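Chemist: One structure is given below, represented as structure tokens, and several questions about it will come after.
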Amino acid sequence: MADLRNRREERYGGLKPRGRDKMIEEYYRNICAGEQVRANLIALRDALKEERNRRALAYLLGGDFSILCGLLKHDDPKVRRNAALILGKMESEDLLPVLFAAYEKEETKYVRAEYLKAMADMDCRPVLGRLENRLEQLRVMDVSKEDRKHVSEEIRMLQTLVMKYRKTRHHKFAGYRERMEMILVTNRCQREVTAHQIEKGQITMLAGGIRIRDARIRDILPIRTYSELLFPLETEMLSVSDPESVGRAVAGPLLELAGTLHEGQGPFLFRIELKSKMEPEKKGTYIRKISDALELESGGEMVNSVADYELELRLLEKKDDTFAAMVKLFTIPEKRFAYRREHVASSISPVNAALTVELARPYLKENAQVLDPFCGVGTMLIERNEAVKAGVMYGIDIYGDAIEKAHNNTDRAGCRIYYINKDFFDFQHEYLFDEVITDMPQVTAGKQRAEIRSLYFDFFAKVKMHLRDEAVLVLYTTEPQLAKEASASVTGYRIEKTYTLNERNKTAVLVILWRNT
């Protein structure tokens with residue numbers, strides 16, 4: 001220990017880390033003496049969770065890792081495991097060759113992944129080729145049921161290390177001409193609006209959307225009133241009680257779908273979304289079992305990547321304790337709403353704006369002069385112009401940040417809209433408007449119901465001054481009853497149509513006609 005102390009003093013210039021815990025030295029002294037090695041390694045490893053203890057051990061060792069490196073050859077695999085993990089905390093690149101050599105010689109399967117974890121924060125480029133070779137070997141290896149868990153963990157760690165340096169290229173979607181079975185997730189109350197826009201294919205109405213068979217993907221993509229496009233997977237029964245069998249069962253169909261719709265071969269990067277009544281704390285382990293089995297079954301052609309993925313496998317638990325499997329692709333360019341890169345917290349979603357406009361389409365006229373009194377970032381006006389070409393369009397909003405973002409979105413959409421940063425109730429304009437289309441303000445933490453009620457009544461009294469005779473108002477509102485009461489308080493308004501969007505929160509689209517009597 002005297003020689004170690006001298007080397008330590010030389011390495012650190014006699015500077016001792018503040019608050020160095022004596023227990024670190026005690027654990028290490030016991031390890032050096034061969035006393036309860038495993039127990040002291042475990043205690044030392046637990047202590048290293050704190051930064052100050054890691055500094056204390058580094059100071060104590062002074063760059064001499066010989067004792068811990070020697071333990072990588074110990075007969076007890078748990079000693080080897082903990083010694084490797086402690087060495088990994090020492091932030092010394094010199095330890096990479098030692099850890100990697102021990103990894104290659106390790107025969108106990110549950111320990112192998114631990115060496116890789118120890119190397120995770122090191123620069124592994126010197127051994128990258130050998131890591132890749134090992135990964136390929138494991139992907140094609142026949143693995144017994146008993147070893148599957150440990151091999152999967154090793155594969156997961158190898159993939160993590162390799163992907164740090166070998167970024168997997170995302171695949172290019174090439175399935176536009178394919179005729180596929182698809183599910184469009186839509187507004188539950190207004191599914192027919194989307195169904196009426198599908199010109200080819202067989203349509204089945206679902207609780208939350210539409211199932212389409214024998215339609216080309218390219219004909220469906222431009223429709224603006226669905227929120228998600230999903231591809232159902234045809235698989236054998238997927239039992240909730242057996243996650244490994246779920247992973248194996250979906251591997252083939254998932255890989256076939258990915259290969260059919262993209263240029264190039266695998267690996268394809270995926271994540272799993274589980275929609276289940278399972279307790280949240282159990283979902284992580286359950287999903288890992290599915291993904292491990294999926295990766296093994298696919299021979300590495302499907303790779304789990306929770307942060308940078310190309311497709312999402314969505315598993316929906318059914319009442320009979322089986323899963324329905326669907327896939328969402330993130331490789332399909334989203335061109336419908338590409339203009340909308342900026343928004344504010346209160347912004348209406350583009351899909352809801354498009355749905356509002358589609359519901360009101362029979363009442364919209366080409367070249368109409370259109371006003372949005374609460375325009376936000378311009379989404380409603382842009383979607384109005386997308387459906388039926390308007391003439392002059394004006395957007396007003398009291399928030400300058402929203403107006404600035406509206407300008408940016410509108411430029412990307414290729415529209416011409418005049419935006420004014422002003423309170424609508426102070427707005428004056430020389431000409432009258434044919435249409436008003438807007439997302440009405442709603443009750444929030446900052447706006448109580450009494451304030452919103454007053455705003456609605458003031459709105460109908462004010463907006464009539466800007467309307468031509470027989471003008472149309474299209475209102476997206478969470479307070480349809482309040483809108484009806486407020487419009488009834490002013491002579492000249494007539495509720496022409498009410499479209500329910502959400503029965504629970506009462507969201508609706510109202511079409512109101514104005515007659516200057």
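Naming scheme: A, B, ... for chains in displayed order of the structure tokens; residues 1 onward per chain; ligands 1 onward as shown.
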Residues within 9 Å of A:Val162, please, as number ranges by chain. Count only C-alpha atoms; anything in the same chain fewer than 2 positions from it doesn't count.

Modeler: A: 124-125, 128-129, 131-132, 135, 157-160, 164-167

Chemist: Looking only at alpha helix (DSSP H) from DSSP on the backbone, list the matching residues of stretch 72-300 of chain A as a PyMOL selection string.

Modeler: chain A and resi 77-88+96-105+109-118+128-140+148-165+191-195+217-220+243-261+280-297

Chemist: Skip stretch 368-376 of chain A itself and residues of its chain fewer than 3 positions away, then list as a PyMOL selection string all residues within 7 Å of it, counting only C-alpha atoms.

Modeler: chain A and resi 347+365+381+390-397+402-403+406+424+433-440

Chemist: Store the residues picked out above in a file with N, CA and C atoms, as a PDB file, in the first residue's frame.

Modeler:
ATOM      1  N   SER A 347     -52.631  26.578 -30.352  1.00  0.00           N
ATOM      2  CA  SER A 347     -52.871  26.384 -31.784  1.00  0.00           C
ATOM      3  C   SER A 347     -53.774  25.186 -32.049  1.00  0.00           C
ATOM      4  N   LYS A 365     -67.071  29.718 -50.633  1.00  0.00           N
ATOM      5  CA  LYS A 365     -67.097  30.192 -52.013  1.00  0.00           C
ATOM      6  C   LYS A 365     -65.689  30.548 -52.469  1.00  0.00           C
ATOM      7  N   LEU A 381     -56.733  29.596 -41.692  1.00  0.00           N
ATOM      8  CA  LEU A 381     -56.808  30.300 -42.971  1.00  0.00           C
ATOM      9  C   LEU A 381     -56.082  29.533 -44.071  1.00  0.00           C
ATOM     10  N   ALA A 390     -59.372  31.088 -51.798  1.00  0.00           N
ATOM     11  CA  ALA A 390     -60.008  32.315 -51.316  1.00  0.00           C
ATOM     12  C   ALA A 390     -59.464  33.516 -52.075  1.00  0.00           C
ATOM     13  N   GLY A 391     -60.084  34.659 -51.833  1.00  0.00           N
ATOM     14  CA  GLY A 391     -59.581  35.913 -52.366  1.00  0.00           C
ATOM     15  C   GLY A 391     -58.653  36.534 -51.336  1.00  0.00           C
ATOM     16  N   VAL A 392     -59.014  37.696 -50.836  1.00  0.00           N
ATOM     17  CA  VAL A 392     -58.221  38.361 -49.804  1.00  0.00           C
ATOM     18  C   VAL A 392     -58.506  37.714 -48.453  1.00  0.00           C
ATOM     19  N   MET A 393     -57.444  37.414 -47.702  1.00  0.00           N
ATOM     20  CA  MET A 393     -57.592  36.796 -46.387  1.00  0.00           C
ATOM     21  C   MET A 393     -56.884  37.650 -45.343  1.00  0.00           C
ATOM     22  N   TYR A 394     -57.568  37.842 -44.210  1.00  0.00           N
ATOM     23  CA  TYR A 394     -57.010  38.610 -43.097  1.00  0.00           C
ATOM     24  C   TYR A 394     -57.004  37.743 -41.845  1.00  0.00           C
ATOM     25  N   GLY A 395     -55.901  37.806 -41.100  1.00  0.00           N
ATOM     26  CA  GLY A 395     -55.807  37.133 -39.817  1.00  0.00           C
ATOM     27  C   GLY A 395     -55.430  38.128 -38.738  1.00  0.00           C
ATOM     28  N   ILE A 396     -56.122  38.062 -37.601  1.00  0.00           N
ATOM     29  CA  ILE A 396     -55.893  38.998 -36.504  1.00  0.00           C
ATOM     30  C   ILE A 396     -55.605  38.202 -35.241  1.00  0.00           C
ATOM     31  N   ASP A 397     -54.606  38.646 -34.492  1.00  0.00           N
ATOM     32  CA  ASP A 397     -54.343  38.005 -33.206  1.00  0.00           C
ATOM     33  C   ASP A 397     -53.661  39.011 -32.289  1.00  0.00           C
ATOM     34  N   ALA A 402     -47.516  34.813 -32.023  1.00  0.00           N
ATOM     35  CA  ALA A 402     -48.352  34.012 -32.922  1.00  0.00           C
ATOM     36  C   ALA A 402     -48.353  34.603 -34.326  1.00  0.00           C
ATOM     37  N   ILE A 403     -48.448  35.916 -34.433  1.00  0.00           N
ATOM     38  CA  ILE A 403     -48.472  36.573 -35.741  1.00  0.00           C
ATOM     39  C   ILE A 403     -47.165  36.343 -36.484  1.00  0.00           C
ATOM     40  N   ALA A 406     -47.226  32.913 -37.728  1.00  0.00           N
ATOM     41  CA  ALA A 406     -48.201  32.812 -38.819  1.00  0.00           C
ATOM     42  C   ALA A 406     -47.588  33.255 -40.138  1.00  0.00           C
ATOM     43  N   PHE A 424     -58.914  41.835 -31.703  1.00  0.00           N
ATOM     44  CA  PHE A 424     -60.004  41.891 -32.684  1.00  0.00           C
ATOM     45  C   PHE A 424     -61.028  42.963 -32.336  1.00  0.00           C
ATOM     46  N   PHE A 433     -66.474  41.437 -45.189  1.00  0.00           N
ATOM     47  CA  PHE A 433     -65.989  40.080 -45.469  1.00  0.00           C
ATOM     48  C   PHE A 433     -67.145  39.147 -45.814  1.00  0.00           C
ATOM     49  N   ASP A 434     -66.829  38.174 -46.683  1.00  0.00           N
ATOM     50  CA  ASP A 434     -67.815  37.149 -47.058  1.00  0.00           C
ATOM     51  C   ASP A 434     -67.871  36.017 -46.037  1.00  0.00           C
ATOM     52  N   GLU A 435     -66.735  35.774 -45.377  1.00  0.00           N
ATOM     53  CA  GLU A 435     -66.650  34.642 -44.463  1.00  0.00           C
ATOM     54  C   GLU A 435     -65.813  34.997 -43.242  1.00  0.00           C
ATOM     55  N   VAL A 436     -66.191  34.400 -42.141  1.00  0.00           N
ATOM     56  CA  VAL A 436     -65.348  34.382 -40.947  1.00  0.00           C
ATOM     57  C   VAL A 436     -65.124  32.921 -40.596  1.00  0.00           C
ATOM     58  N   ILE A 437     -63.871  32.548 -40.421  1.00  0.00           N
ATOM     59  CA  ILE A 437     -63.554  31.181 -40.018  1.00  0.00           C
ATOM     60  C   ILE A 437     -62.506  31.271 -38.918  1.00  0.00           C
ATOM     61  N   THR A 438     -62.757  30.610 -37.793  1.00  0.00           N
ATOM     62  CA  THR A 438     -61.838  30.787 -36.657  1.00  0.00           C
ATOM     63  C   THR A 438     -61.976  29.672 -35.636  1.00  0.00           C
ATOM     64  N   ASP A 439     -60.933  29.535 -34.840  1.00  0.00           N
ATOM     65  CA  ASP A 439     -60.918  28.673 -33.656  1.00  0.00           C
ATOM     66  C   ASP A 439     -61.219  29.589 -32.473  1.00  0.00           C
ATOM     67  N   MET A 440     -62.414  29.485 -31.913  1.00  0.00           N
ATOM     68  CA  MET A 440     -62.835  30.398 -30.861  1.00  0.00           C
ATOM     69  C   MET A 440     -62.036  30.180 -29.578  1.00  0.00           C
TER      70      MET A 440
END

Chemist: Which residues, written as a PyMOL selection string, have at least one atom at most 9 Å from stretch 469-483 of chain A, with only C-alpha atoms counted and residues fewer than 2 positions away on the same chain left out?

Modeler: chain A and resi 352-353+356-357+360+363-364+433-443+453+456-457+460+467+485-488+498+502+505-517

Chemist: Can you write just those residues out, N, CA and C atoms, as a compact mmCIF listing (two decimals), in the first residue's frame?

Modeler:
# COMPACT_ATOMS: atom_id res chain seq x y z
N ASN A 352 -57.48 19.03 -37.32
CA ASN A 352 -58.76 19.59 -36.90
C ASN A 352 -59.16 20.80 -37.74
N ALA A 353 -58.18 21.60 -38.14
CA ALA A 353 -58.48 22.72 -39.02
C ALA A 353 -58.97 22.21 -40.37
N THR A 356 -62.48 20.89 -39.99
CA THR A 356 -63.42 22.01 -39.89
C THR A 356 -63.77 22.55 -41.27
N VAL A 357 -62.75 22.75 -42.08
CA VAL A 357 -62.96 23.30 -43.42
C VAL A 357 -63.73 22.31 -44.30
N ALA A 360 -67.34 22.36 -43.53
CA ALA A 360 -67.98 23.61 -43.98
C ALA A 360 -67.89 23.82 -45.49
N TYR A 363 -70.45 25.47 -47.82
CA TYR A 363 -70.81 26.88 -47.57
C TYR A 363 -69.70 27.84 -47.99
N LEU A 364 -68.59 27.30 -48.47
CA LEU A 364 -67.45 28.14 -48.84
C LEU A 364 -67.51 28.50 -50.31
N PHE A 433 -66.47 41.44 -45.19
CA PHE A 433 -65.99 40.08 -45.47
C PHE A 433 -67.15 39.15 -45.81
N ASP A 434 -66.83 38.17 -46.68
CA ASP A 434 -67.82 37.15 -47.06
C ASP A 434 -67.87 36.02 -46.04
N GLU A 435 -66.74 35.77 -45.38
CA GLU A 435 -66.65 34.64 -44.46
C GLU A 435 -65.81 35.00 -43.24
N VAL A 436 -66.19 34.40 -42.14
CA VAL A 436 -65.35 34.38 -40.95
C VAL A 436 -65.12 32.92 -40.60
N ILE A 437 -63.87 32.55 -40.42
CA ILE A 437 -63.55 31.18 -40.02
C ILE A 437 -62.51 31.27 -38.92
N THR A 438 -62.76 30.61 -37.79
CA THR A 438 -61.84 30.79 -36.66
C THR A 438 -61.98 29.67 -35.64
N ASP A 439 -60.93 29.53 -34.84
CA ASP A 439 -60.92 28.67 -33.66
C ASP A 439 -61.22 29.59 -32.47
N MET A 440 -62.41 29.49 -31.91
CA MET A 440 -62.84 30.40 -30.86
C MET A 440 -62.04 30.18 -29.58
N PRO A 441 -61.73 31.25 -28.86
CA PRO A 441 -61.03 31.11 -27.56
C PRO A 441 -61.82 30.20 -26.63
N GLN A 442 -61.09 29.53 -25.74
CA GLN A 442 -61.75 28.59 -24.83
C GLN A 442 -61.32 28.81 -23.39
N VAL A 443 -62.04 28.19 -22.50
CA VAL A 443 -61.74 28.29 -21.07
C VAL A 443 -60.40 27.63 -20.79
N ARG A 453 -67.44 33.68 -21.62
CA ARG A 453 -68.84 33.97 -21.92
C ARG A 453 -69.00 35.41 -22.39
N TYR A 456 -67.68 35.79 -25.95
CA TYR A 456 -68.57 35.27 -27.00
C TYR A 456 -69.68 36.28 -27.33
N PHE A 457 -70.28 36.85 -26.31
CA PHE A 457 -71.35 37.82 -26.56
C PHE A 457 -70.81 39.06 -27.26
N PHE A 460 -70.07 38.31 -31.17
CA PHE A 460 -71.18 38.35 -32.12
C PHE A 460 -71.71 39.77 -32.32
N LEU A 467 -69.30 42.11 -41.73
CA LEU A 467 -69.87 41.08 -42.59
C LEU A 467 -70.74 41.65 -43.68
N GLU A 485 -76.15 30.60 -27.72
CA GLU A 485 -76.80 31.62 -26.89
C GLU A 485 -76.35 33.02 -27.28
N ALA A 486 -75.04 33.17 -27.51
CA ALA A 486 -74.51 34.50 -27.85
C ALA A 486 -74.99 34.95 -29.21
N SER A 487 -75.04 34.05 -30.19
CA SER A 487 -75.51 34.44 -31.52
C SER A 487 -77.00 34.78 -31.51
N ALA A 488 -77.75 34.09 -30.65
CA ALA A 488 -79.20 34.35 -30.57
C ALA A 488 -79.49 35.71 -29.94
N THR A 498 -74.66 22.26 -37.13
CA THR A 498 -73.79 21.95 -36.00
C THR A 498 -73.20 20.57 -36.21
N ASN A 502 -66.50 16.05 -30.67
CA ASN A 502 -66.18 15.30 -29.47
C ASN A 502 -67.35 15.40 -28.51
N ASN A 505 -66.21 16.34 -24.58
CA ASN A 505 -65.90 17.73 -24.22
C ASN A 505 -66.70 18.76 -25.00
N LYS A 506 -67.67 18.28 -25.80
CA LYS A 506 -68.64 19.13 -26.51
C LYS A 506 -68.05 19.93 -27.67
N THR A 507 -66.82 19.63 -28.08
CA THR A 507 -66.23 20.36 -29.20
C THR A 507 -67.08 20.17 -30.45
N ALA A 508 -67.27 21.25 -31.19
CA ALA A 508 -68.14 21.21 -32.38
C ALA A 508 -67.70 22.26 -33.38
N VAL A 509 -68.17 22.08 -34.60
CA VAL A 509 -68.05 23.10 -35.65
C VAL A 509 -69.43 23.64 -35.93
N LEU A 510 -69.58 24.94 -35.84
CA LEU A 510 -70.85 25.59 -36.13
C LEU A 510 -70.75 26.38 -37.42
N VAL A 511 -71.74 26.22 -38.27
CA VAL A 511 -71.87 27.06 -39.47
C VAL A 511 -73.05 28.00 -39.21
N ILE A 512 -72.76 29.29 -39.23
CA ILE A 512 -73.77 30.30 -38.89
C ILE A 512 -73.91 31.27 -40.07
N LEU A 513 -75.11 31.54 -40.46
CA LEU A 513 -75.37 32.48 -41.55
C LEU A 513 -75.77 33.84 -40.97
N TRP A 514 -75.29 34.89 -41.64
CA TRP A 514 -75.61 36.26 -41.22
C TRP A 514 -76.48 36.92 -42.27
N ARG A 515 -77.54 37.51 -41.81
CA ARG A 515 -78.43 38.25 -42.70
C ARG A 515 -78.62 39.66 -42.14
N ASN A 516 -78.21 40.65 -42.91
CA ASN A 516 -78.32 42.04 -42.46
C ASN A 516 -79.75 42.53 -42.65
N THR A 517 -80.58 42.28 -41.64
CA THR A 517 -82.00 42.62 -41.76
C THR A 517 -82.26 44.08 -41.44

Chemist: Grab the atom CA of A:Ile42 to atom CA of A:Arg130 distance for me, in Å with one decimal place.

Modeler: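 These two atoms are separated by 29.7 Å.
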
Chemist: Rank nothing, just name the residue among A:Val79, A:Arg112, A:Leu355, A:Arg179 nearest to A:Gln197, using only C-alpha atoms.

Modeler: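 Under the stated criterion, the closest residue is A:Leu355.
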
Chemist: For A:Val127, work out the shell of residues within 12 Å, counting only C-alpha atoms and skipping chain neighbours fewer than 4 positions away, then give it as number ranges by chain.

Modeler: A: 96-101, 103-104, 116, 119, 122-123, 131-134, 158, 161-162, 165

Chemist: Just how far from atom CA of A:Ile220 is atom CA of A:Gln190, in Å to one decimal?

Modeler: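 Atom CA of A:Gln190 sits 17.3 Å away from atom CA of A:Ile220.
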
Chemist: A:Met237, A:Glu496, A:His196, A:Thr168: which is nearest A:Ala249, counting only C-alpha atoms?

Modeler: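 Nearest candidate to A:Ala249 out of A:Met237, A:Glu496, A:His196, A:Thr168: A:Met237.
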
Chemist: What's around stretch 261-275 of chain A at 10 Å? Count only C-alpha atoms, leave out sequence neighbours fewer than 6 positions away in its own chain, and write the answer as a PyMOL selection string.

Modeler: chain A and resi 168-178+180+254-255+283-284+286-288+290-291+295+298-318+323-332

Chemist: Now that the selection is made, can you save its residues with N, CA and C atoms as a compact mmCIF listing (two decimals), in the first residue's frame?

Modeler:
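The result, stored in part_24.txt:
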# COMPACT_ATOMS: atom_id res chain seq x y z
N THR A 168 -26.94 4.02 -38.62
CA THR A 168 -27.75 3.31 -39.62
C THR A 168 -28.51 4.31 -40.47
N ARG A 169 -28.38 4.18 -41.77
CA ARG A 169 -29.10 5.08 -42.67
C ARG A 169 -30.59 4.75 -42.68
N HIS A 170 -31.39 5.79 -42.63
CA HIS A 170 -32.82 5.57 -42.73
C HIS A 170 -33.20 5.18 -44.15
N HIS A 171 -34.16 4.32 -44.26
CA HIS A 171 -34.59 3.84 -45.57
C HIS A 171 -35.51 4.84 -46.26
N LYS A 172 -35.49 4.80 -47.55
CA LYS A 172 -36.36 5.67 -48.34
C LYS A 172 -37.66 4.94 -48.65
N PHE A 173 -38.77 5.59 -48.33
CA PHE A 173 -40.07 5.00 -48.61
C PHE A 173 -40.28 4.93 -50.12
N ALA A 174 -40.71 3.77 -50.60
CA ALA A 174 -40.88 3.58 -52.05
C ALA A 174 -42.18 2.85 -52.37
N GLY A 175 -43.13 2.89 -51.45
CA GLY A 175 -44.33 2.08 -51.63
C GLY A 175 -45.56 2.82 -52.12
N TYR A 176 -45.35 3.96 -52.77
CA TYR A 176 -46.50 4.79 -53.16
C TYR A 176 -47.50 4.04 -54.05
N ARG A 177 -47.01 3.17 -54.92
CA ARG A 177 -47.89 2.47 -55.86
C ARG A 177 -48.49 1.19 -55.28
N GLU A 178 -48.02 0.80 -54.12
CA GLU A 178 -48.49 -0.46 -53.54
C GLU A 178 -49.96 -0.36 -53.10
N MET A 180 -52.29 -1.65 -50.43
CA MET A 180 -52.12 -2.22 -49.09
C MET A 180 -53.40 -2.06 -48.29
N LEU A 254 -43.57 -8.13 -40.04
CA LEU A 254 -43.04 -6.77 -39.92
C LEU A 254 -41.89 -6.55 -40.90
N LEU A 255 -41.00 -7.52 -41.00
CA LEU A 255 -39.88 -7.39 -41.93
C LEU A 255 -40.36 -7.41 -43.37
N LYS A 283 -44.48 -2.32 -17.95
CA LYS A 283 -44.46 -2.22 -19.41
C LYS A 283 -43.05 -2.28 -19.99
N GLY A 284 -42.10 -1.61 -19.32
CA GLY A 284 -40.74 -1.57 -19.84
C GLY A 284 -40.14 -2.94 -20.03
N TYR A 286 -41.74 -5.79 -20.14
CA TYR A 286 -42.57 -6.55 -21.08
C TYR A 286 -42.20 -6.20 -22.53
N ILE A 287 -42.07 -4.92 -22.81
CA ILE A 287 -41.71 -4.48 -24.17
C ILE A 287 -40.32 -4.98 -24.54
N ARG A 288 -39.39 -5.00 -23.57
CA ARG A 288 -38.03 -5.47 -23.84
C ARG A 288 -38.04 -6.94 -24.25
N ILE A 290 -40.46 -8.50 -25.79
CA ILE A 290 -40.97 -8.58 -27.17
C ILE A 290 -39.90 -8.17 -28.16
N SER A 291 -39.24 -7.05 -27.89
CA SER A 291 -38.25 -6.54 -28.84
C SER A 291 -37.05 -7.48 -28.95
N GLU A 295 -35.96 -9.16 -32.46
CA GLU A 295 -34.63 -8.99 -33.05
C GLU A 295 -33.98 -10.35 -33.36
N SER A 298 -35.66 -12.08 -36.32
CA SER A 298 -35.40 -11.42 -37.61
C SER A 298 -33.94 -11.54 -38.04
N GLY A 299 -33.11 -12.16 -37.21
CA GLY A 299 -31.70 -12.27 -37.54
C GLY A 299 -30.99 -10.94 -37.62
N GLY A 300 -31.46 -9.98 -36.81
CA GLY A 300 -30.83 -8.66 -36.79
C GLY A 300 -31.31 -7.74 -37.88
N GLU A 301 -32.31 -8.16 -38.67
CA GLU A 301 -32.86 -7.28 -39.72
C GLU A 301 -33.82 -6.24 -39.15
N MET A 302 -34.26 -6.46 -37.92
CA MET A 302 -35.04 -5.47 -37.19
C MET A 302 -34.25 -5.12 -35.93
N VAL A 303 -34.01 -3.82 -35.71
CA VAL A 303 -33.19 -3.38 -34.58
C VAL A 303 -33.99 -2.39 -33.73
N ASN A 304 -34.09 -2.67 -32.45
CA ASN A 304 -34.81 -1.78 -31.55
C ASN A 304 -34.00 -0.51 -31.32
N SER A 305 -34.64 0.63 -31.50
CA SER A 305 -33.96 1.92 -31.33
C SER A 305 -35.00 2.92 -30.84
N VAL A 306 -35.01 3.17 -29.55
CA VAL A 306 -36.09 3.97 -28.97
C VAL A 306 -35.99 5.45 -29.31
N ALA A 307 -34.82 5.92 -29.73
CA ALA A 307 -34.65 7.36 -29.97
C ALA A 307 -34.65 7.72 -31.44
N ASP A 308 -34.21 6.80 -32.30
CA ASP A 308 -34.04 7.12 -33.72
C ASP A 308 -34.61 5.97 -34.53
N TYR A 309 -35.92 5.95 -34.70
CA TYR A 309 -36.58 4.80 -35.30
C TYR A 309 -37.28 5.18 -36.60
N GLU A 310 -37.49 4.15 -37.43
CA GLU A 310 -38.16 4.33 -38.71
C GLU A 310 -39.60 3.88 -38.69
N LEU A 311 -39.90 2.96 -37.82
CA LEU A 311 -41.28 2.46 -37.73
C LEU A 311 -41.63 2.15 -36.29
N GLU A 312 -42.91 2.21 -36.03
CA GLU A 312 -43.41 1.92 -34.69
C GLU A 312 -44.35 0.74 -34.77
N LEU A 313 -44.04 -0.30 -34.02
CA LEU A 313 -44.94 -1.44 -33.90
C LEU A 313 -45.91 -1.13 -32.77
N ARG A 314 -47.16 -1.01 -33.11
CA ARG A 314 -48.18 -0.65 -32.12
C ARG A 314 -49.00 -1.88 -31.78
N LEU A 315 -48.98 -2.25 -30.52
CA LEU A 315 -49.72 -3.42 -30.05
C LEU A 315 -50.89 -2.96 -29.20
N LEU A 316 -52.09 -3.29 -29.65
CA LEU A 316 -53.32 -2.87 -28.98
C LEU A 316 -53.97 -4.08 -28.33
N GLU A 317 -54.05 -4.05 -27.00
CA GLU A 317 -54.65 -5.18 -26.29
C GLU A 317 -56.16 -5.20 -26.49
N LYS A 318 -56.67 -6.38 -26.83
CA LYS A 318 -58.11 -6.55 -27.06
C LYS A 318 -58.77 -7.22 -25.85
N PHE A 323 -53.38 -9.37 -28.78
CA PHE A 323 -53.02 -8.09 -29.35
C PHE A 323 -53.46 -7.99 -30.81
N ALA A 324 -53.86 -6.80 -31.20
CA ALA A 324 -53.92 -6.44 -32.61
C ALA A 324 -52.63 -5.68 -32.90
N ALA A 325 -51.96 -6.03 -34.00
CA ALA A 325 -50.66 -5.43 -34.32
C ALA A 325 -50.79 -4.51 -35.52
N MET A 326 -50.30 -3.28 -35.38
CA MET A 326 -50.32 -2.30 -36.46
C MET A 326 -48.96 -1.61 -36.53
N VAL A 327 -48.68 -1.03 -37.67
CA VAL A 327 -47.38 -0.39 -37.88
C VAL A 327 -47.60 1.04 -38.36
N LYS A 328 -46.88 1.96 -37.74
CA LYS A 328 -46.83 3.34 -38.22
C LYS A 328 -45.44 3.60 -38.78
N LEU A 329 -45.38 4.10 -40.01
CA LEU A 329 -44.10 4.37 -40.66
C LEU A 329 -43.74 5.85 -40.52
N PHE A 330 -42.52 6.10 -40.11
CA PHE A 330 -42.02 7.47 -40.02
C PHE A 330 -41.14 7.82 -41.21
N THR A 331 -41.08 6.91 -42.17
CA THR A 331 -40.31 7.14 -43.38
C THR A 331 -41.14 7.80 -44.47
N ILE A 332 -42.45 7.86 -44.29
CA ILE A 332 -43.31 8.51 -45.27
C ILE A 332 -43.25 10.02 -45.05

Chemist: Taking only C-alpha atoms into account, which of A:Arg224, A:His407, A:Arg188, A:Lys389 comes nearest A:Gly208?

Modeler: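 Going through A:Arg224, A:His407, A:Arg188, A:Lys389 one by one, the smallest distance to A:Gly208 is for A:Arg188.
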
Chemist: Name the residues in contact with A:Ser66 at a cut-off of 12 Å, using only C-alpha atoms, excluding same-chain residues fewer than 4 positions from it; report them as an mmCIF file with N, CA and C atoms, in the first residue's frame.

Modeler:
data_model
loop_
_atom_site.group_PDB
_atom_site.id
_atom_site.type_symbol
_atom_site.label_atom_id
_atom_site.label_comp_id
_atom_site.auth_asym_id
_atom_site.auth_seq_id
_atom_site.Cartn_x
_atom_site.Cartn_y
_atom_site.Cartn_z
ATOM 1 N N LEU A 4 1.674 2.138 -3.551
ATOM 2 C CA LEU A 4 0.462 2.679 -4.158
ATOM 3 C C LEU A 4 0.246 4.118 -3.732
ATOM 4 N N CYS A 32 -7.907 -6.171 -1.846
ATOM 5 C CA CYS A 32 -6.484 -6.475 -2.025
ATOM 6 C C CYS A 32 -6.048 -7.626 -1.119
ATOM 7 N N LEU A 61 -6.335 4.729 -6.293
ATOM 8 C CA LEU A 61 -5.627 3.832 -7.201
ATOM 9 C C LEU A 61 -4.426 4.510 -7.852
ATOM 10 N N GLY A 62 -4.530 5.793 -8.104
ATOM 11 C CA GLY A 62 -3.422 6.515 -8.713
ATOM 12 C C GLY A 62 -2.999 5.952 -10.052
ATOM 13 N N GLY A 70 -6.649 -7.945 -12.427
ATOM 14 C CA GLY A 70 -6.382 -9.344 -12.100
ATOM 15 C C GLY A 70 -7.649 -10.108 -11.765
ATOM 16 N N LEU A 71 -8.620 -9.411 -11.193
ATOM 17 C CA LEU A 71 -9.879 -10.068 -10.818
ATOM 18 C C LEU A 71 -10.727 -10.448 -12.028
ATOM 19 N N LEU A 72 -10.376 -9.954 -13.210
ATOM 20 C CA LEU A 72 -11.092 -10.348 -14.432
ATOM 21 C C LEU A 72 -10.819 -11.809 -14.785
ATOM 22 N N LYS A 73 -9.842 -12.427 -14.095
ATOM 23 C CA LYS A 73 -9.528 -13.844 -14.302
ATOM 24 C C LYS A 73 -9.974 -14.706 -13.118
ATOM 25 N N ALA A 83 -15.899 -6.492 -11.031
ATOM 26 C CA ALA A 83 -14.596 -5.877 -11.282
ATOM 27 C C ALA A 83 -14.620 -5.116 -12.609
ATOM 28 N N LEU A 87 -14.089 -1.035 -13.161
ATOM 29 C CA LEU A 87 -13.076 -0.509 -14.075
ATOM 30 C C LEU A 87 -13.703 0.440 -15.103
ATOM 31 N N ASP A 94 -7.076 3.453 -21.307
ATOM 32 C CA ASP A 94 -6.073 2.385 -21.275
ATOM 33 C C ASP A 94 -6.687 1.037 -20.897
ATOM 34 N N LEU A 95 -7.867 1.085 -20.292
ATOM 35 C CA LEU A 95 -8.503 -0.152 -19.839
ATOM 36 C C LEU A 95 -9.296 -0.851 -20.944
ATOM 37 N N VAL A 98 -7.875 -4.249 -22.106
ATOM 38 C CA VAL A 98 -7.978 -5.241 -21.037
ATOM 39 C C VAL A 98 -9.409 -5.772 -20.936
#
